[in-house]
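Below is run-v1.json, which holds JSON, C-alpha atoms and all ligand atoms.
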```json
[["chain", "number", "residue", "atom", "x", "y", "z"],
["A", 1, "MET", "CA", 85.38, -43.58, 40.40],
["A", 2, "ASN", "CA", 85.36, -41.73, 43.72],
["A", 3, "TYR", "CA", 82.95, -39.06, 44.91],
["A", 4, "GLY", "CA", 83.47, -39.50, 48.63],
["A", 5, "CYS", "CA", 85.22, -37.40, 51.23],
["A", 6, "GLY", "CA", 88.49, -38.87, 52.39],
["A", 7, "THR", "CA", 88.14, -42.57, 53.06],
["A", 8, "THR", "CA", 86.12, -44.80, 55.37],
["A", 9, "ILE", "CA", 88.53, -47.74, 55.09],
["A", 10, "GLN", "CA", 90.43, -48.31, 58.32],
["A", 11, "PRO", "CA", 92.25, -51.65, 57.87],
["A", 12, "THR", "CA", 93.21, -51.92, 61.54],
["A", 13, "GLU", "CA", 89.49, -51.95, 62.50],
["A", 14, "LEU", "CA", 88.58, -54.65, 60.00],
["A", 15, "THR", "CA", 89.52, -57.84, 61.79],
["A", 16, "GLY", "CA", 88.27, -61.35, 61.13],
["A", 17, "LEU", "CA", 87.36, -60.98, 57.43],
["A", 18, "PRO", "CA", 84.06, -59.18, 58.06],
["A", 19, "THR", "CA", 81.03, -59.06, 55.82],
["A", 20, "VAL", "CA", 80.68, -55.41, 54.83],
["A", 21, "LEU", "CA", 77.50, -53.61, 53.80],
["A", 22, "TYR", "CA", 78.46, -50.57, 51.73],
["A", 23, "ILE", "CA", 75.58, -48.10, 51.30],
["A", 24, "GLY", "CA", 75.67, -45.85, 48.21],
["A", 25, "VAL", "CA", 78.29, -47.68, 46.15],
["A", 26, "GLY", "CA", 78.87, -44.83, 43.70],
["A", 27, "GLY", "CA", 81.66, -45.75, 41.30],
["A", 28, "GLY", "CA", 82.76, -48.64, 43.51],
["A", 29, "LEU", "CA", 86.18, -47.52, 44.73],
["A", 30, "GLU", "CA", 85.54, -48.07, 48.45],
["A", 31, "ALA", "CA", 83.79, -51.39, 47.76],
["A", 32, "LEU", "CA", 86.99, -52.40, 45.95],
["A", 33, "GLN", "CA", 89.10, -51.23, 48.91],
["A", 34, "PHE", "CA", 86.97, -53.21, 51.40],
["A", 35, "ALA", "CA", 87.25, -56.24, 49.09],
["A", 36, "TYR", "CA", 91.04, -55.93, 49.28],
["A", 37, "ILE", "CA", 90.79, -56.67, 52.99],
["A", 38, "CYS", "CA", 87.96, -59.24, 52.96],
["A", 39, "ARG", "CA", 88.82, -61.21, 49.76],
["A", 40, "ARG", "CA", 86.04, -63.78, 49.54],
["A", 41, "PRO", "CA", 82.87, -64.08, 47.44],
["A", 42, "SER", "CA", 80.14, -61.61, 48.49],
["A", 43, "ALA", "CA", 82.29, -60.28, 51.34],
["A", 44, "VAL", "CA", 81.19, -56.78, 50.33],
["A", 45, "ILE", "CA", 77.50, -56.15, 49.69],
["A", 46, "ALA", "CA", 77.27, -52.80, 47.92],
["A", 47, "ILE", "CA", 73.89, -51.20, 47.44],
["A", 48, "ASN", "CA", 72.58, -48.29, 45.41],
["A", 49, "PRO", "CA", 69.04, -47.36, 44.33],
["A", 50, "VAL", "CA", 70.24, -45.79, 41.06],
["A", 51, "ALA", "CA", 70.60, -48.28, 38.20],
["A", 52, "GLU", "CA", 73.16, -46.14, 36.36],
["A", 53, "MET", "CA", 75.41, -46.06, 39.44],
["A", 54, "ARG", "CA", 75.14, -49.83, 39.88],
["A", 55, "GLU", "CA", 76.08, -50.25, 36.20],
["A", 56, "THR", "CA", 79.01, -47.85, 36.59],
["A", 57, "ALA", "CA", 80.28, -49.67, 39.68],
["A", 58, "THR", "CA", 79.95, -53.03, 37.92],
["A", 59, "ARG", "CA", 81.90, -51.71, 34.93],
["A", 60, "ASN", "CA", 84.62, -50.21, 37.12],
["A", 61, "LEU", "CA", 85.00, -53.39, 39.17],
["A", 62, "LEU", "CA", 85.36, -55.48, 35.99],
["A", 63, "LEU", "CA", 88.11, -53.08, 34.93],
["A", 64, "ALA", "CA", 89.70, -53.38, 38.37],
["A", 65, "ALA", "CA", 89.72, -57.17, 38.02],
["A", 66, "LYS", "CA", 91.67, -56.85, 34.77],
["A", 67, "GLU", "CA", 94.26, -54.64, 36.45],
["A", 68, "ASN", "CA", 94.55, -56.35, 39.88],
["A", 69, "ASP", "CA", 95.44, -60.04, 40.09],
["A", 70, "TRP", "CA", 94.14, -60.33, 43.67],
["A", 71, "PHE", "CA", 90.63, -59.05, 42.83],
["A", 72, "ASP", "CA", 87.70, -61.22, 41.77],
["A", 73, "PRO", "CA", 84.50, -59.25, 40.95],
["A", 74, "ASP", "CA", 82.56, -61.91, 42.94],
["A", 75, "PHE", "CA", 84.07, -60.38, 46.10],
["A", 76, "VAL", "CA", 81.58, -57.48, 45.69],
["A", 77, "LYS", "CA", 77.86, -58.18, 45.34],
["A", 78, "ILE", "CA", 76.09, -55.11, 43.95],
["A", 79, "LEU", "CA", 72.39, -54.89, 44.82],
["A", 80, "ASP", "CA", 69.50, -52.57, 44.13],
["A", 81, "GLY", "CA", 68.92, -51.13, 47.58],
["A", 82, "ASP", "CA", 68.05, -48.05, 49.55],
["A", 83, "ALA", "CA", 69.61, -46.80, 52.76],
["A", 84, "PHE", "CA", 66.12, -46.61, 54.26],
["A", 85, "ALA", "CA", 65.11, -50.15, 53.28],
["A", 86, "LEU", "CA", 68.24, -52.26, 53.42],
["A", 87, "PRO", "CA", 68.10, -55.47, 51.33],
["A", 88, "VAL", "CA", 69.90, -57.63, 53.90],
["A", 89, "SER", "CA", 68.67, -59.77, 56.75],
["A", 90, "ASP", "CA", 69.20, -58.98, 60.43],
["A", 91, "ALA", "CA", 72.54, -60.01, 61.93],
["A", 92, "SER", "CA", 74.04, -60.87, 58.52],
["A", 93, "ILE", "CA", 76.47, -57.91, 58.42],
["A", 94, "ASP", "CA", 79.58, -57.15, 60.49],
["A", 95, "VAL", "CA", 80.48, -53.67, 59.22],
["A", 96, "VAL", "CA", 78.31, -50.97, 57.64],
["A", 97, "ALA", "CA", 79.98, -48.14, 55.76],
["A", 98, "GLN", "CA", 79.03, -45.17, 53.62],
["A", 99, "ASN", "CA", 80.86, -42.11, 52.37],
["A", 100, "CYS", "CA", 79.19, -38.84, 51.45],
["A", 101, "LEU", "CA", 75.69, -40.25, 51.62],
["A", 102, "PHE", "CA", 74.75, -39.12, 55.13],
["A", 103, "ASN", "CA", 78.17, -37.93, 56.24],
["A", 104, "ILE", "CA", 81.39, -39.75, 56.95],
["A", 105, "CYS", "CA", 80.85, -42.56, 59.40],
["A", 106, "VAL", "CA", 81.52, -46.25, 59.81],
["A", 107, "PHE", "CA", 79.56, -48.38, 62.24],
["A", 108, "LEU", "CA", 81.20, -51.48, 63.61],
["A", 109, "TRP", "CA", 79.33, -54.27, 65.31],
["A", 110, "GLN", "CA", 81.35, -56.98, 66.94],
["B", 1, "LIG", "C1", 78.36, -38.59, 46.73],
["B", 1, "LIG", "S1", 78.09, -40.23, 46.09],
["B", 1, "LIG", "C2", 79.31, -41.12, 47.02],
["B", 1, "LIG", "C3", 79.61, -42.44, 46.36],
["B", 1, "LIG", "C4", 80.64, -43.33, 47.09],
["B", 1, "LIG", "N1", 80.22, -43.58, 48.44],
["B", 1, "LIG", "C5", 82.03, -42.71, 47.09],
["B", 1, "LIG", "O1", 82.59, -42.49, 48.16],
["B", 1, "LIG", "O2", 82.56, -42.46, 45.99],
["B", 1, "LIG", "C6", 76.54, -40.75, 46.91],
["B", 1, "LIG", "C7", 76.00, -42.10, 46.41],
["B", 1, "LIG", "O3", 74.85, -42.47, 47.19],
["B", 1, "LIG", "C8", 73.84, -42.96, 46.32],
["B", 1, "LIG", "N2", 72.53, -42.79, 46.97],
["B", 1, "LIG", "C9", 71.68, -41.73, 46.91],
["B", 1, "LIG", "N3", 70.59, -41.95, 47.65],
["B", 1, "LIG", "C10", 70.74, -43.18, 48.22],
["B", 1, "LIG", "C11", 69.94, -43.97, 49.10],
["B", 1, "LIG", "N4", 68.76, -43.53, 49.55],
["B", 1, "LIG", "N5", 70.40, -45.18, 49.48],
["B", 1, "LIG", "C12", 71.61, -45.63, 49.03],
["B", 1, "LIG", "N6", 72.41, -44.93, 48.19],
["B", 1, "LIG", "C13", 71.97, -43.71, 47.79],
["B", 1, "LIG", "C14", 74.03, -42.13, 45.05],
["B", 1, "LIG", "O4", 73.41, -42.73, 43.93],
["B", 1, "LIG", "C15", 75.56, -42.08, 44.95],
["B", 1, "LIG", "O5", 76.06, -43.23, 44.29]]
```
Show me, as structure tokens, the structure contained in the file I just sent.
Amino acid sequence: MNYGCGTTIQPTELTGLPTVLYIGVGGGLEALQFAYICRRPSAVIAINPVAEMRETATRNLLLAAKENDWFDPDFVKILDGDAFALPVSDASIDVVAQNCLFNICVFLWQ
């Protein structure tokens, strides 16, 4: 479920229930971790250009919903998307994160 380096989730930086864009969802673990903090429908928009990875993340998040009472799969919206052509509109995102796609970094806009 996880192919990243360390973690990009810093709960103390995630104030005000942000909308998170997660680039390169992989197996979905960090999308799940962001959802733990944000907890509302489509709070995490997770993109990946590879259909098999989107399917894997969807499967893992359905499994996570069975094992975690707090988690609703609707908290994470998984989209076909590329880091170089983001499928979101301007000013619609509060936090952008990725792990082991470019390198480890989290951008915060407030
Ligand atoms: C090393 S994995 C890391 C996955 C996840 N971030 C994690 O921490 O487990 C890199 C992910 O980036 C995805 N990816 C590759 N090229 C991409 C691109 N141009 N835009 C978005 N995601 C991409 C891959 O399909 C893969 O799921």
From the options A:Ala97, A:Ile37, A:Leu62, A:Ile47, which residue's atoms come nearest to Asp74 (chain A), counting only C-alpha atoms?
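Nearest candidate to Asp74 (chain A) out of A:Ala97, A:Ile37, A:Leu62, A:Ile47: A:Leu62.
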Once 8 Å is added on each side, what centre and edge lengths in Å to one decimal does the axis-aligned box around all listed atoms of region 88-103 of chain A have, as lines of an AutoDock Vina configuration file?
```
center_x = 74.8
center_y = -49.4
center_z = 56.7
size_x = 28.2
size_y = 38.9
size_z = 26.5
```
When you count only C-alpha atoms, which of these residues is closest to Leu63 (chain A): A:Leu29, A:Leu17, A:Ala85, A:Ile23?
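Among the listed residues, the smallest separation from Leu63 (chain A) belongs to A:Leu29.
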Nearest to Val25 (chain A) among A:Leu86, A:Cys5, A:Ala43, A:Leu101, with distances taken over all atoms listed in the file: which residue is it?
A:Leu101
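Using only C-alpha atoms and all ligand atoms, the nearest neighbour of ligand LIG 1 (chain B) within the list A:Ala83, A:Ala31, A:Ile9, A:Ala51 is A:Ala83.
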Between CA of Ser92 (chain A) and CA of Arg40 (chain A), what distance in Å does the model show, to one decimal?
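Rounded to one decimal, the two atoms are 15.3 Å apart.
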Kindly work out which residues sit at most 9 Å from ligand LIG 1 (chain B), using only C-alpha atoms and all ligand atoms, and give the list as an MDAnalysis selection string.
chainID A and resid 1:8 22:31 47:54 57 80:86 97:102
Which of these residues is nearest to Leu21 (chain A), using all atoms listed in the file: A:Ala46, A:Leu79, A:Arg59, A:Lys66?
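Checking each of A:Ala46, A:Leu79, A:Arg59, A:Lys66 against Leu21 (chain A), counting all atoms listed in the file, the winner is A:Ala46.
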For CA of Gly16 (chain A) and CA of Ser89 (chain A), the interatomic separation in Å (one decimal):
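CA of Gly16 (chain A) sits 20.1 Å away from CA of Ser89 (chain A).
Relative to CA of Thr58 (chain A), CA of Glu13 (chain A) is found at 26.4 Å.
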What lies within 9 Å of Ala35 (chain A) using all atoms listed in the file, ignoring chain neighbours under 6 positions off, as a PyMOL selection string?
chain A and resi 20+42-44+71-72+75-76
